[in-house]
Amino acid sequence: MDVREICRHGVVVAYRPMVLSEAARLMRDRHVGALVVVEDRDAGKWPVGMLTDRDITVSAVAADRDPRTMSVGEVMSADLTCVRDDDNVLDALALMRRRGVRRVPVVTRAGMLAGIVTLDDLLQSAVAQLDDLVAAIGGELAAESREG
C-alpha cells in the first residue's frame, strides 16, 4: 500500500515569520500537535521544516522566552524527514523509526507538499489489514466447518 492511500491531505501549515503564540493557537484550534512549515512557490506549498508543540514548550516556554516575539523559523526543526506519496507504508514506517519521528510530511516526486502521515495513521492501517486477515481466516474456517 502506498502512503498516499493513508496520509491526511488536509495539512495544517505554518510559515517561518509566524509568531509562536499564533502557531500554538493554530495547533489548539485545529487539534494537531505539529505544523508543517512551508514556503509558497510554483503554485504549491514546499515543506521546509516542522514545528511541534514540544518545540514550543522546550524552546520558548521552558527557556523563559516570549512566544509572542519568537518566530516559527527560530524554533522549527529544519532537518526535515519526508516521505513520497508513492512510497510503501512499510518503507515510511522504517524511515520514521530510523529518524525517531512520529509524523512526516508527504511530498510528491517534485517535492511539493501532498499530505502528512503519522505513526497513528500507520498503526490504524496495519490494524485494518490484520483485521482483514483475521476475517479471511475466519471465513475459511467457517467454510471448512460447513463442508466437514
# chains A, B, ... in the order shown; residues from 1 in each chain; ligands from 1

$ select_by_dssp --residues "region 51-109 of chain A" --states "strand (DSSP E or B)" --output "MDAnalysis selection string"
chainID A and resid 51:52 71 77 83:84 88 103:107

$ residues_around --residues "region 126-133 of chain A" --least-positions-apart "6" --cutoff "10 Å" --atoms "only C-alpha atoms" --output "CSV table (one decimal) with C-alpha atoms, in the first residue's frame"
chain,number,residue,atom,x,y,z
A,89,VAL,CA,3.9,2.4,4.0
A,90,LEU,CA,6.3,-0.1,5.4
A,120,ASP,CA,-1.2,6.7,14.4
A,139,GLY,CA,-14.2,-17.3,6.6

$ closest_atom_pairs --of "region 59-107 of chain A" --to "region 2-9 of chain A" --cutoff "9 Å" --atoms "only C-alpha atoms" --output "Markdown table"
| residue | atom | partner | partner_atom | distance |
| --- | --- | --- | --- | --- |
| A:Val83 | CA | A:Val3 | CA | 8.0 |
| A:Arg84 | CA | A:Val3 | CA | 7.4 |
| A:Asp85 | CA | A:Arg4 | CA | 4.7 |
| A:Asp86 | CA | A:Asp2 | CA | 5.3 |
| A:Asp87 | CA | A:Asp2 | CA | 5.5 |
| A:Asn88 | CA | A:Asp2 | CA | 4.5 |
| A:Val89 | CA | A:Val3 | CA | 5.2 |
| A:Leu90 | CA | A:Asp2 | CA | 8.9 |
| A:Ala92 | CA | A:Val3 | CA | 7.5 |
| A:Val106 | CA | A:Cys7 | CA | 7.5 |

$ write_last_selection --atoms "C-alpha atoms" --output "CSV table (one decimal), in the first residue's frame"
chain,number,residue,atom,x,y,z
A,83,VAL,CA,8.3,10.5,2.5
A,84,ARG,CA,7.0,10.5,-1.0
A,85,ASP,CA,3.4,9.8,-1.7
A,86,ASP,CA,4.3,6.7,-3.8
A,87,ASP,CA,6.5,5.2,-1.0
A,88,ASN,CA,5.3,2.0,0.5
A,89,VAL,CA,3.9,2.4,4.0
A,90,LEU,CA,6.3,-0.1,5.4
A,92,ALA,CA,7.8,5.0,5.5
A,106,VAL,CA,4.3,13.5,2.4

$ closest_residue --among "A:Ile56, A:Met18, A:Val101, A:Leu93" --to "Val75 (chain A)" --atoms "only C-alpha atoms"
A:Ile56

$ atom_distance --atom1 "CA of Arg25 (chain A)" --atom2 "CA of Leu51 (chain A)"
12.8 Å

$ select_by_dssp --residues "region 19-94 of chain A" --states "helix (DSSP H, G or I)" --output "VMD selection string"
chain A and resid 20 to 30 53 to 61 72 to 75 89 to 94

$ closest_residue --among "A:Leu122, A:Val13, A:Ala23, A:Ile137" --to "Val37 (chain A)" --atoms "only C-alpha atoms"
A:Val13
